[in-house]
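K.L.:
I am sharing input-v1.cif, which consists of mmCIF, C-alpha atoms:
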data_model
#
loop_
_atom_site.group_PDB
_atom_site.id
_atom_site.type_symbol
_atom_site.label_atom_id
_atom_site.label_comp_id
_atom_site.auth_asym_id
_atom_site.auth_seq_id
_atom_site.Cartn_x
_atom_site.Cartn_y
_atom_site.Cartn_z
ATOM 1 C CA MET B 6 -4.788 -2.118 8.377
ATOM 2 C CA LYS B 7 -7.360 -1.140 5.768
ATOM 3 C CA PRO B 8 -7.831 2.582 5.058
ATOM 4 C CA THR B 9 -11.002 4.018 6.491
ATOM 5 C CA SER B 10 -13.550 5.292 4.008
ATOM 6 C CA ILE B 11 -16.249 7.970 4.162
ATOM 7 C CA PRO B 12 -15.707 9.070 7.782
ATOM 8 C CA CYS B 13 -16.809 12.708 7.517
ATOM 9 C CA LEU B 14 -18.892 13.287 4.398
ATOM 10 C CA ALA B 15 -20.747 16.347 5.624
ATOM 11 C CA ALA B 16 -17.541 18.286 6.176
ATOM 12 C CA LEU B 17 -16.199 17.338 2.753
ATOM 13 C CA ALA B 18 -19.458 18.196 1.044
ATOM 14 C CA ALA B 19 -19.424 21.612 2.676
ATOM 15 C CA LEU B 20 -16.074 22.345 1.064
ATOM 16 C CA VAL B 21 -17.695 22.158 -2.350
ATOM 17 C CA THR B 22 -21.326 23.103 -1.848
ATOM 18 C CA THR B 23 -21.289 25.917 0.723
ATOM 19 C CA ALA B 24 -21.541 29.391 -0.771
ATOM 20 C CA ALA B 25 -19.125 30.746 1.834
ATOM 21 C CA PRO B 26 -16.231 28.255 1.879
ATOM 22 C CA LEU B 27 -15.053 26.955 5.217
ATOM 23 C CA ARG B 28 -11.459 27.511 4.137
ATOM 24 C CA ALA B 29 -9.570 29.411 1.486
ATOM 25 C CA ASP B 30 -7.812 26.467 -0.153
ATOM 26 C CA PRO B 31 -9.703 24.053 -2.440
ATOM 27 C CA ILE B 32 -10.497 20.451 -1.611
ATOM 28 C CA LYS B 33 -7.473 18.261 -2.328
ATOM 29 C CA ILE B 34 -7.921 15.051 -4.319
ATOM 30 C CA VAL B 35 -5.008 12.679 -4.888
ATOM 31 C CA ALA B 36 -5.398 9.949 -7.525
ATOM 32 C CA ALA B 37 -2.972 7.072 -7.772
ATOM 33 C CA GLU B 38 -3.318 7.109 -11.575
ATOM 34 C CA ASN B 39 -3.960 9.987 -13.949
ATOM 35 C CA PHE B 40 -7.071 8.509 -15.572
ATOM 36 C CA TYR B 41 -8.809 8.657 -12.175
ATOM 37 C CA GLY B 42 -7.429 12.142 -11.626
ATOM 38 C CA GLY B 43 -8.879 13.257 -14.937
ATOM 39 C CA VAL B 44 -12.338 12.010 -13.987
ATOM 40 C CA ALA B 45 -12.044 13.794 -10.623
ATOM 41 C CA ARG B 46 -11.284 17.071 -12.435
ATOM 42 C CA GLN B 47 -14.365 16.629 -14.608
ATOM 43 C CA VAL B 48 -16.627 15.901 -11.652
ATOM 44 C CA VAL B 49 -15.128 18.491 -9.260
ATOM 45 C CA PRO B 50 -13.451 21.138 -11.460
ATOM 46 C CA GLU B 51 -12.800 23.444 -8.500
ATOM 47 C CA ALA B 52 -10.769 20.796 -6.671
ATOM 48 C CA GLU B 53 -6.976 20.629 -6.557
ATOM 49 C CA VAL B 54 -6.239 17.257 -8.172
ATOM 50 C CA THR B 55 -2.862 15.515 -8.066
ATOM 51 C CA SER B 56 -2.193 12.354 -10.092
ATOM 52 C CA ILE B 57 0.759 10.275 -8.944
ATOM 53 C CA LEU B 58 1.232 8.036 -11.990
ATOM 54 C CA SER B 59 0.989 10.346 -14.990
ATOM 55 C CA ASN B 60 3.921 9.511 -17.254
ATOM 56 C CA PRO B 61 2.849 7.285 -20.179
ATOM 57 C CA ASN B 62 6.489 6.329 -20.735
ATOM 58 C CA GLN B 63 6.847 4.973 -17.199
ATOM 59 C CA ASP B 64 6.417 1.303 -16.294
ATOM 60 C CA PRO B 65 3.697 1.483 -13.593
ATOM 61 C CA HIS B 66 4.912 -1.796 -12.093
ATOM 62 C CA GLU B 67 8.278 -0.258 -11.251
ATOM 63 C CA PHE B 68 6.903 2.808 -9.454
ATOM 64 C CA GLN B 69 8.484 3.651 -6.092
ATOM 65 C CA THR B 70 6.962 6.138 -3.674
ATOM 66 C CA ASP B 71 8.943 9.084 -2.313
ATOM 67 C CA ALA B 72 8.540 11.753 0.350
ATOM 68 C CA ALA B 73 6.567 14.050 -1.962
ATOM 69 C CA THR B 74 4.077 11.282 -2.774
ATOM 70 C CA ALA B 75 3.662 10.412 0.901
ATOM 71 C CA ALA B 76 3.083 14.075 1.773
ATOM 72 C CA ALA B 77 0.463 14.517 -0.952
ATOM 73 C CA VAL B 78 -1.465 11.475 0.256
ATOM 74 C CA ALA B 79 -1.208 12.571 3.907
ATOM 75 C CA GLN B 80 -2.583 16.038 3.082
ATOM 76 C CA ALA B 81 -5.395 14.850 0.782
ATOM 77 C CA ASP B 82 -9.099 15.183 1.538
ATOM 78 C CA ILE B 83 -9.940 12.400 -0.918
ATOM 79 C CA VAL B 84 -7.655 9.637 -2.231
ATOM 80 C CA ILE B 85 -8.600 7.530 -5.259
ATOM 81 C CA TYR B 86 -6.807 4.304 -6.109
ATOM 82 C CA SER B 87 -7.483 1.171 -8.131
ATOM 83 C CA GLY B 88 -6.905 -1.650 -5.665
ATOM 84 C CA ILE B 89 -6.792 -5.444 -6.235
ATOM 85 C CA GLY B 90 -3.025 -5.466 -6.417
ATOM 86 C CA TYR B 91 -2.401 -2.763 -9.008
ATOM 87 C CA ASP B 92 -1.287 0.004 -6.648
ATOM 88 C CA ASP B 93 -0.539 -1.635 -3.311
ATOM 89 C CA TRP B 94 1.870 1.205 -2.573
ATOM 90 C CA MET B 95 -1.141 3.485 -2.100
ATOM 91 C CA GLU B 96 -2.669 1.226 0.527
ATOM 92 C CA ARG B 97 0.622 1.309 2.427
ATOM 93 C CA LEU B 98 0.655 5.117 2.347
ATOM 94 C CA LEU B 99 -2.957 5.286 3.491
ATOM 95 C CA ALA B 100 -2.214 2.955 6.387
ATOM 96 C CA SER B 101 0.521 5.303 7.625
ATOM 97 C CA GLY B 102 -2.022 7.971 8.558
ATOM 98 C CA GLY B 103 -3.167 11.294 7.167
ATOM 99 C CA LYS B 104 -5.599 14.188 7.508
ATOM 100 C CA PRO B 105 -8.571 13.581 9.839
ATOM 101 C CA GLY B 106 -11.721 12.862 7.863
ATOM 102 C CA ARG B 107 -9.844 11.802 4.734
ATOM 103 C CA VAL B 108 -11.912 9.671 2.346
ATOM 104 C CA ALA B 109 -10.283 6.745 0.541
ATOM 105 C CA ILE B 110 -12.030 5.478 -2.597
ATOM 106 C CA LYS B 111 -10.949 2.024 -3.763
ATOM 107 C CA VAL B 112 -12.285 1.926 -7.307
ATOM 108 C CA ALA B 113 -12.283 -1.872 -7.560
ATOM 109 C CA ASP B 114 -14.930 -2.002 -4.841
ATOM 110 C CA LEU B 115 -17.236 0.236 -6.878
ATOM 111 C CA ILE B 116 -17.619 -2.398 -9.608
ATOM 112 C CA GLY B 117 -17.289 -5.506 -7.445
ATOM 113 C CA ALA B 118 -13.802 -6.418 -8.677
ATOM 114 C CA LYS B 119 -11.871 -8.711 -6.333
ATOM 115 C CA GLY B 120 -8.340 -9.982 -5.861
ATOM 116 C CA GLY B 121 -7.367 -12.317 -8.687
ATOM 117 C CA ASP B 122 -9.440 -10.409 -11.246
ATOM 118 C CA ASN B 123 -7.772 -8.541 -14.088
ATOM 119 C CA PRO B 124 -6.520 -5.391 -12.290
ATOM 120 C CA HIS B 125 -6.769 -3.105 -15.346
ATOM 121 C CA ILE B 126 -10.315 -2.154 -14.368
ATOM 122 C CA TRP B 127 -10.282 1.302 -16.001
ATOM 123 C CA TYR B 128 -10.704 -0.467 -19.347
ATOM 124 C CA ASN B 129 -14.103 -1.647 -18.092
ATOM 125 C CA PRO B 130 -16.685 0.836 -19.463
ATOM 126 C CA LYS B 131 -18.582 0.638 -16.149
ATOM 127 C CA THR B 132 -15.688 1.854 -14.005
ATOM 128 C CA MET B 133 -15.506 5.593 -14.594
ATOM 129 C CA PRO B 134 -19.266 6.210 -14.342
ATOM 130 C CA ALA B 135 -19.157 4.346 -11.013
ATOM 131 C CA LEU B 136 -16.298 6.576 -9.830
ATOM 132 C CA ALA B 137 -18.137 9.733 -10.904
ATOM 133 C CA ALA B 138 -21.219 8.585 -9.015
ATOM 134 C CA LYS B 139 -19.147 7.865 -5.915
ATOM 135 C CA LEU B 140 -17.498 11.284 -5.976
ATOM 136 C CA GLY B 141 -20.898 12.869 -6.468
ATOM 137 C CA GLY B 142 -22.205 11.048 -3.432
ATOM 138 C CA VAL B 143 -19.201 11.899 -1.265
ATOM 139 C CA LEU B 144 -19.360 15.589 -2.129
ATOM 140 C CA ASN B 145 -23.144 15.965 -2.360
ATOM 141 C CA LEU B 146 -23.126 16.710 -6.067
ATOM 142 C CA PRO B 147 -26.383 15.044 -7.166
ATOM 143 C CA GLY B 148 -25.982 15.834 -10.849
ATOM 144 C CA ALA B 149 -22.409 14.567 -11.114
ATOM 145 C CA ALA B 150 -23.209 11.032 -12.240
ATOM 146 C CA ALA B 151 -25.656 12.131 -14.946
ATOM 147 C CA ALA B 152 -23.342 14.854 -16.206
ATOM 148 C CA PHE B 153 -20.400 12.478 -16.452
ATOM 149 C CA ALA B 154 -22.546 9.827 -18.133
ATOM 150 C CA GLU B 155 -23.168 12.281 -20.960
ATOM 151 C CA THR B 156 -19.420 12.679 -21.496
ATOM 152 C CA MET B 157 -19.205 8.884 -21.846
ATOM 153 C CA ASN B 158 -21.555 8.859 -24.854
ATOM 154 C CA PRO B 159 -18.817 8.946 -27.534
ATOM 155 C CA LEU B 160 -17.210 5.891 -25.919
ATOM 156 C CA THR B 161 -20.412 3.909 -25.424
ATOM 157 C CA ASP B 162 -21.453 4.747 -28.994
ATOM 158 C CA LYS B 163 -18.078 3.615 -30.325
ATOM 159 C CA ILE B 164 -18.282 0.324 -28.424
ATOM 160 C CA ALA B 165 -21.794 -0.314 -29.768
ATOM 161 C CA GLN B 166 -20.643 0.515 -33.285
ATOM 162 C CA LEU B 167 -17.624 -1.805 -33.186
ATOM 163 C CA SER B 168 -19.316 -4.684 -31.386
ATOM 164 C CA ALA B 169 -21.170 -5.730 -34.525
ATOM 165 C CA ARG B 170 -17.833 -6.283 -36.270
ATOM 166 C CA ALA B 171 -15.808 -7.440 -33.279
ATOM 167 C CA LYS B 172 -18.111 -10.044 -31.777
ATOM 168 C CA GLY B 173 -16.447 -13.457 -31.795
ATOM 169 C CA VAL B 174 -13.181 -12.203 -33.330
ATOM 170 C CA LYS B 175 -10.229 -14.033 -31.798
ATOM 171 C CA VAL B 176 -7.492 -11.750 -30.509
ATOM 172 C CA THR B 177 -4.498 -11.974 -28.203
ATOM 173 C CA ALA B 178 -2.363 -9.671 -26.079
ATOM 174 C CA THR B 179 1.025 -9.514 -24.402
ATOM 175 C CA GLU B 180 -0.673 -8.450 -21.133
ATOM 176 C CA PRO B 181 -4.325 -8.286 -20.028
ATOM 177 C CA VAL B 182 -4.428 -4.476 -20.265
ATOM 178 C CA PHE B 183 -7.175 -4.375 -22.906
ATOM 179 C CA GLY B 184 -9.049 -7.373 -21.508
ATOM 180 C CA TYR B 185 -12.181 -5.660 -20.187
ATOM 181 C CA MET B 186 -12.607 -3.626 -23.348
ATOM 182 C CA ALA B 187 -12.150 -6.723 -25.499
ATOM 183 C CA THR B 188 -14.929 -8.353 -23.494
ATOM 184 C CA ALA B 189 -17.152 -5.290 -23.948
ATOM 185 C CA LEU B 190 -16.608 -5.606 -27.703
ATOM 186 C CA GLY B 191 -17.472 -9.315 -27.641
ATOM 187 C CA MET B 192 -13.999 -10.453 -28.696
ATOM 188 C CA GLU B 193 -12.569 -13.863 -27.795
ATOM 189 C CA MET B 194 -9.247 -13.382 -26.000
ATOM 190 C CA LEU B 195 -6.565 -16.068 -26.449
ATOM 191 C CA ASN B 196 -3.450 -16.883 -24.402
ATOM 192 C CA ASP B 197 -4.727 -15.625 -21.047
ATOM 193 C CA GLU B 198 -2.160 -17.593 -19.019
ATOM 194 C CA TYR B 199 0.740 -16.067 -20.947
ATOM 195 C CA GLN B 200 -0.663 -12.593 -20.324
ATOM 196 C CA VAL B 201 -1.021 -13.150 -16.590
ATOM 197 C CA ALA B 202 2.531 -14.497 -16.347
ATOM 198 C CA THR B 203 3.878 -11.423 -18.139
ATOM 199 C CA MET B 204 1.806 -9.080 -15.972
ATOM 200 C CA ASN B 205 3.153 -10.751 -12.822
ATOM 201 C CA ASP B 206 6.732 -10.477 -14.109
ATOM 202 C CA THR B 207 7.194 -14.249 -14.256
ATOM 203 C CA ASP B 208 8.440 -16.323 -17.167
ATOM 204 C CA PRO B 209 5.682 -17.907 -19.261
ATOM 205 C CA SER B 210 5.965 -21.651 -19.609
ATOM 206 C CA PHE B 211 7.225 -23.308 -22.768
ATOM 207 C CA GLU B 212 3.666 -24.419 -23.557
ATOM 208 C CA GLN B 213 2.315 -20.883 -23.092
ATOM 209 C CA ILE B 214 4.971 -19.409 -25.368
ATOM 210 C CA ALA B 215 4.445 -22.081 -28.001
ATOM 211 C CA GLY B 216 0.689 -21.587 -27.916
ATOM 212 C CA PHE B 217 1.048 -17.836 -28.281
ATOM 213 C CA GLU B 218 3.432 -18.148 -31.207
ATOM 214 C CA SER B 219 1.136 -20.666 -32.887
ATOM 215 C CA SER B 220 -1.876 -18.353 -32.596
ATOM 216 C CA LEU B 221 0.116 -15.651 -34.410
ATOM 217 C CA ARG B 222 1.821 -17.764 -37.076
ATOM 218 C CA SER B 223 -1.487 -19.464 -37.975
ATOM 219 C CA LYS B 224 -3.311 -16.123 -37.857
ATOM 220 C CA THR B 225 -5.867 -17.643 -35.497
ATOM 221 C CA ALA B 226 -5.454 -14.415 -33.552
ATOM 222 C CA LYS B 227 -6.622 -11.570 -35.780
ATOM 223 C CA ILE B 228 -5.147 -8.748 -33.649
ATOM 224 C CA LEU B 229 -2.278 -8.523 -31.158
ATOM 225 C CA PHE B 230 -2.769 -5.955 -28.387
ATOM 226 C CA TYR B 231 0.661 -4.826 -27.258
ATOM 227 C CA ASN B 232 1.396 -2.983 -24.000
ATOM 228 C CA ASP B 233 3.416 0.017 -25.148
ATOM 229 C CA GLN B 234 4.579 0.840 -21.619
ATOM 230 C CA VAL B 235 5.946 -2.551 -20.610
ATOM 231 C CA SER B 236 8.158 -4.684 -22.823
ATOM 232 C CA ASP B 237 10.562 -7.575 -22.378
ATOM 233 C CA PRO B 238 12.349 -9.928 -24.811
ATOM 234 C CA SER B 239 9.437 -12.387 -24.876
ATOM 235 C CA THR B 240 6.732 -9.811 -25.634
ATOM 236 C CA ALA B 241 8.994 -8.079 -28.159
ATOM 237 C CA GLN B 242 9.428 -11.429 -29.879
ATOM 238 C CA MET B 243 5.662 -11.916 -30.037
ATOM 239 C CA ARG B 244 5.275 -8.507 -31.618
ATOM 240 C CA SER B 245 7.924 -9.406 -34.179
ATOM 241 C CA ILE B 246 6.184 -12.702 -35.004
ATOM 242 C CA ALA B 247 2.870 -10.888 -35.405
ATOM 243 C CA THR B 248 4.412 -8.412 -37.823
ATOM 244 C CA GLN B 249 6.078 -11.174 -39.810
ATOM 245 C CA SER B 250 2.829 -13.149 -39.924
ATOM 246 C CA GLY B 251 0.706 -10.210 -41.023
ATOM 247 C CA VAL B 252 -1.256 -9.989 -37.754
ATOM 248 C CA PRO B 253 -2.082 -6.327 -36.983
ATOM 249 C CA VAL B 254 -0.590 -4.927 -33.782
ATOM 250 C CA VAL B 255 -2.547 -2.359 -31.749
ATOM 251 C CA GLY B 256 -0.611 -0.552 -29.030
ATOM 252 C CA VAL B 257 -2.395 0.064 -25.730
ATOM 253 C CA SER B 258 -1.157 1.868 -22.629
ATOM 254 C CA GLU B 259 -1.770 1.564 -18.907
ATOM 255 C CA THR B 260 -1.450 5.291 -18.221
ATOM 256 C CA GLN B 261 -3.448 7.955 -20.053
ATOM 257 C CA PRO B 262 -1.222 9.721 -22.607
ATOM 258 C CA THR B 263 -0.568 13.392 -21.969
ATOM 259 C CA GLU B 264 -1.990 14.336 -25.374
ATOM 260 C CA ALA B 265 -5.377 12.760 -24.592
ATOM 261 C CA ALA B 266 -7.873 15.436 -23.591
ATOM 262 C CA SER B 267 -9.826 13.061 -21.370
ATOM 263 C CA TYR B 268 -10.326 9.438 -20.410
ATOM 264 C CA VAL B 269 -13.020 9.113 -23.059
ATOM 265 C CA ALA B 270 -10.805 10.651 -25.743
ATOM 266 C CA TRP B 271 -8.033 8.184 -24.825
ATOM 267 C CA MET B 272 -10.319 5.152 -25.044
ATOM 268 C CA VAL B 273 -11.973 6.305 -28.278
ATOM 269 C CA ALA B 274 -8.564 6.898 -29.895
ATOM 270 C CA GLN B 275 -7.538 3.323 -29.112
ATOM 271 C CA LEU B 276 -10.826 1.965 -30.422
ATOM 272 C CA ASP B 277 -10.289 3.956 -33.616
ATOM 273 C CA GLU B 278 -7.065 1.989 -34.066
ATOM 274 C CA VAL B 279 -8.961 -1.258 -33.481
ATOM 275 C CA ALA B 280 -11.526 -0.233 -36.095
ATOM 276 C CA LYS B 281 -8.774 0.179 -38.684
ATOM 277 C CA VAL B 282 -7.616 -3.439 -38.377
ATOM 278 C CA LEU B 283 -10.776 -5.387 -37.600
ATOM 279 C CA PRO B 284 -11.363 -8.049 -40.261
#
Could you quickly redo this structure as C-alpha cells?
P.N.:
Amino acid sequence: MKPTSIPCLAALAALVTTAAPLRADPIKIVAAENFYGGVARQVVPEAEVTSILSNPNQDPHEFQTDAATAAAVAQADIVIYSGIGYDDWMERLLASGGKPGRVAIKVADLIGAKGGDNPHIWYNPKTMPALAAKLGGVLNLPGAAAAFAETMNPLTDKIAQLSARAKGVKVTATEPVFGYMATALGMEMLNDEYQVATMNDTDPSFEQIAGFESSLRSKTAKILFYNDQVSDPSTAQMRSIATQSGVPVVGVSETQPTEAASYVAWMVAQLDEVAKVLP
C-alpha cells in the first residue's frame, strides 16, 4: 500500500501560519536522511525536525529500523523520504499507519525520478529547491521556495565556475553517489555498470573489474570518486590502484557530515576538493 500524501493541508498550514497556534507543541517533521532534515529546518525553523539517518560513519544500506524510529514516523505530521529504492524501510513504516492527516513527501517524485534511476538524487542540484517548494506549498509558506533558492546561490555559482574546467573530463567512481553532480558539471562518467553492481551489493563481473582497473592504470579516468561510507575489498583495491597510478581520489559521502553547517556547505566543500584536482 502506498502512503497517502497531502490529505489535510489546511490543518497543517494552520500549525505554522496561525497567530494563535492550534496546539502547544510544534509541527513534527521526520526525514529519512539528515540532508532532507536540514532543508526542512531551513524552510520551517519553528518545526521539530528528526532525521533518522544522520551518522556519516554509518553504512546507509545496512540501516535497520527500531521501535523508536517507528514511533517517530507514526507521530509525525510530515515525513520526507527519498524513494526509488534508497529507503524502502520508510515506505514500510508509512504503510503501517500513523497520525491522521500525516503528509508523506517522496522526494524522487518532485524531480520525476523513477525506479531504476540513480537513487542518490540529493546530489542533483534541482532536488533541494524542489523539496523547499513542496514544503512551502504544504505549509502555506509562499516565500519559502524563493528564500531557499537564495541559500543555494553559493552551490549554483560553484557549479557554474567549475563546469568550464570539468566539461568533458573523464572520471570514475566506486558507486554512483556523485553521479548527478558529475553530470551537472559536464563530466563523462566511466564504469557505470561496476558502480551499479557495487551499489546493489553484488559482485562486479570480471570484465567490469578489468575495465575499471584499466581506466585507472591508463589514467583515462582523471578522478576517482570514492564512497567514504561504504567500502569492500574490490572498491578498496580500486582506490589503491588509483593512488599507485597517480589518479586523484575525492571522497564523497551519502550522509551529510555533522560538521557541515548545511546541505549547501556540504556540497560546496566537496566541490572545493574537486577543484583542487581537476586537470
K.L.:
Tell me which residues the PyMOL selection byres ((chain B and resi 189-192) around 12) grabs here, as a ChimeraX atom specification.
P.N.:
/B:128-131,160-178,183-188,193-195,226-228,276,279-280,283
K.L.:
Just the selected residues (C-alpha atoms), exported as a PDB file, keeping the file's coordinate frame, please.
P.N.:
ATOM      1  CA  TYR B 128     -10.704  -0.467 -19.347  1.00  0.00           C
ATOM      2  CA  ASN B 129     -14.103  -1.647 -18.092  1.00  0.00           C
ATOM      3  CA  PRO B 130     -16.685   0.836 -19.463  1.00  0.00           C
ATOM      4  CA  LYS B 131     -18.582   0.638 -16.149  1.00  0.00           C
ATOM      5  CA  LEU B 160     -17.210   5.891 -25.919  1.00  0.00           C
ATOM      6  CA  THR B 161     -20.412   3.909 -25.424  1.00  0.00           C
ATOM      7  CA  ASP B 162     -21.453   4.747 -28.994  1.00  0.00           C
ATOM      8  CA  LYS B 163     -18.078   3.615 -30.325  1.00  0.00           C
ATOM      9  CA  ILE B 164     -18.282   0.324 -28.424  1.00  0.00           C
ATOM     10  CA  ALA B 165     -21.794  -0.314 -29.768  1.00  0.00           C
ATOM     11  CA  GLN B 166     -20.643   0.515 -33.285  1.00  0.00           C
ATOM     12  CA  LEU B 167     -17.624  -1.805 -33.186  1.00  0.00           C
ATOM     13  CA  SER B 168     -19.316  -4.684 -31.386  1.00  0.00           C
ATOM     14  CA  ALA B 169     -21.170  -5.730 -34.525  1.00  0.00           C
ATOM     15  CA  ARG B 170     -17.833  -6.283 -36.270  1.00  0.00           C
ATOM     16  CA  ALA B 171     -15.808  -7.440 -33.279  1.00  0.00           C
ATOM     17  CA  LYS B 172     -18.111 -10.044 -31.777  1.00  0.00           C
ATOM     18  CA  GLY B 173     -16.447 -13.457 -31.795  1.00  0.00           C
ATOM     19  CA  VAL B 174     -13.181 -12.203 -33.330  1.00  0.00           C
ATOM     20  CA  LYS B 175     -10.229 -14.033 -31.798  1.00  0.00           C
ATOM     21  CA  VAL B 176      -7.492 -11.750 -30.509  1.00  0.00           C
ATOM     22  CA  THR B 177      -4.498 -11.974 -28.203  1.00  0.00           C
ATOM     23  CA  ALA B 178      -2.363  -9.671 -26.079  1.00  0.00           C
ATOM     24  CA  PHE B 183      -7.175  -4.375 -22.906  1.00  0.00           C
ATOM     25  CA  GLY B 184      -9.049  -7.373 -21.508  1.00  0.00           C
ATOM     26  CA  TYR B 185     -12.181  -5.660 -20.187  1.00  0.00           C
ATOM     27  CA  MET B 186     -12.607  -3.626 -23.348  1.00  0.00           C
ATOM     28  CA  ALA B 187     -12.150  -6.723 -25.499  1.00  0.00           C
ATOM     29  CA  THR B 188     -14.929  -8.353 -23.494  1.00  0.00           C
ATOM     30  CA  GLU B 193     -12.569 -13.863 -27.795  1.00  0.00           C
ATOM     31  CA  MET B 194      -9.247 -13.382 -26.000  1.00  0.00           C
ATOM     32  CA  LEU B 195      -6.565 -16.068 -26.449  1.00  0.00           C
ATOM     33  CA  ALA B 226      -5.454 -14.415 -33.552  1.00  0.00           C
ATOM     34  CA  LYS B 227      -6.622 -11.570 -35.780  1.00  0.00           C
ATOM     35  CA  ILE B 228      -5.147  -8.748 -33.649  1.00  0.00           C
ATOM     36  CA  LEU B 276     -10.826   1.965 -30.422  1.00  0.00           C
ATOM     37  CA  VAL B 279      -8.961  -1.258 -33.481  1.00  0.00           C
ATOM     38  CA  ALA B 280     -11.526  -0.233 -36.095  1.00  0.00           C
ATOM     39  CA  LEU B 283     -10.776  -5.387 -37.600  1.00  0.00           C
TER      40      LEU B 283
END
K.L.:
Would you tabulate, counting all atoms listed in the file, all residues of stretch 63-175 of chain B that have an atom at most 12 Å from an atom of stretch 201-220 of chain B, showing the closest pair of atoms and their distance in Å to one decimal, sorted by chain then ascending number, as CSV?
P.N.:
residue,atom,partner,partner_atom,distance
B:Asp64,CA,B:Met204,CA,11.4
B:Pro65,CA,B:Met204,CA,11.0
B:His66,CA,B:Met204,CA,8.8
B:Glu67,CA,B:Asp206,CA,10.7
B:Gly90,CA,B:Asn205,CA,10.4
B:Tyr91,CA,B:Met204,CA,10.3
B:Gly121,CA,B:Val201,CA,10.2
B:Asp122,CA,B:Val201,CA,10.3
B:Asn123,CA,B:Val201,CA,8.5
B:Pro124,CA,B:Met204,CA,9.8
B:His125,CA,B:Met204,CA,10.5
B:Lys175,CA,B:Ser220,CA,9.4
K.L.:
B:Tyr41, B:Phe68, B:Phe153, B:Trp94: which is nearest B:Val112, counting all atoms listed in the file?
P.N.:
B:Tyr41
K.L.:
When the PyMOL selection byres ((chain B and resi 151) around 12) is applied to the file above, which residues end up in the set, as a ChimeraX atom specification?
P.N.:
/B:48,134-135,137-139,141,146-150,152-158
K.L.:
Atom CA of B:Val54 to atom CA of B:Gly42: how many Å, to one decimal?
P.N.:
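Going from atom CA of B:Val54 over to atom CA of B:Gly42 covers 6.3 Å.
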K.L.:
My list of candidates is B:Ile89, B:Ala79, B:Val84, B:Val108. Which is closest to B:Ser56 when distances are computed with only C-alpha atoms?
P.N.:
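Checking each of B:Ile89, B:Ala79, B:Val84, B:Val108 against B:Ser56, counting only C-alpha atoms, the winner is B:Val84.
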K.L.:
Between atom CA of B:Gly43 and atom CA of B:Ala113, what is the distance in Å, rounded to a tenth?
P.N.:
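Going from atom CA of B:Gly43 over to atom CA of B:Ala113, I get 17.2 Å.
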K.L.:
Please, what distance in Å, to one decimal, runs between atom CA of B:Pro181 and atom CA of B:Asp197?
P.N.:
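Interatomic distance here is 7.4 Å.
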K.L.:
Nearest residue to B:Ala73 out of B:Thr55, B:Asn39, B:Asn60, B:Ser236, using only C-alpha atoms?
P.N.:
B:Thr55
K.L.:
Nearest residue to B:Trp127 out of B:Ala77, B:Leu144, B:Ala265, B:Val182, using all atoms listed in the file?
P.N.:
B:Val182
K.L.:
Could you work out an axis-aligned bounding box for all listed atoms of stretch 150-169 of chain B, with 8 Å added on each of the six sides, and give its centre and edge lengths in Å to one decimal, as lines of an AutoDock Vina configuration file?
P.N.:
center_x = -21.4
center_y = 4.6
center_z = -23.4
size_x = 24.4
size_y = 36.6
size_z = 38.3
K.L.:
Written as a PyMOL selection string, which residues does the PyMOL selection byres ((chain B and resi 263) around 8) give for the file shown?
P.N.:
chain B and resi 59-61+261-262+264-266
K.L.:
So, counting only C-alpha atoms, which residue among B:Lys119, B:Lys224, B:Lys281, B:Lys111 is closest to B:Ile246?
P.N.:
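Using only C-alpha atoms, the shortest distance to B:Ile246 belongs to B:Lys224.
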K.L.:
Please determine, counting all atoms listed in the file, which residue among B:Ser267, B:Met243, B:Ile110, B:Pro238 has the shortest atom-to-atom distance to B:Asn196.
P.N.:
B:Met243
K.L.:
Using all atoms listed in the file, collect all residues at a distance of at most 6 Å from (-1.8, -6.6, -29.0) as written in the file, then present them as a PyMOL selection string.
P.N.:
chain B and resi 178+229-231+254-255
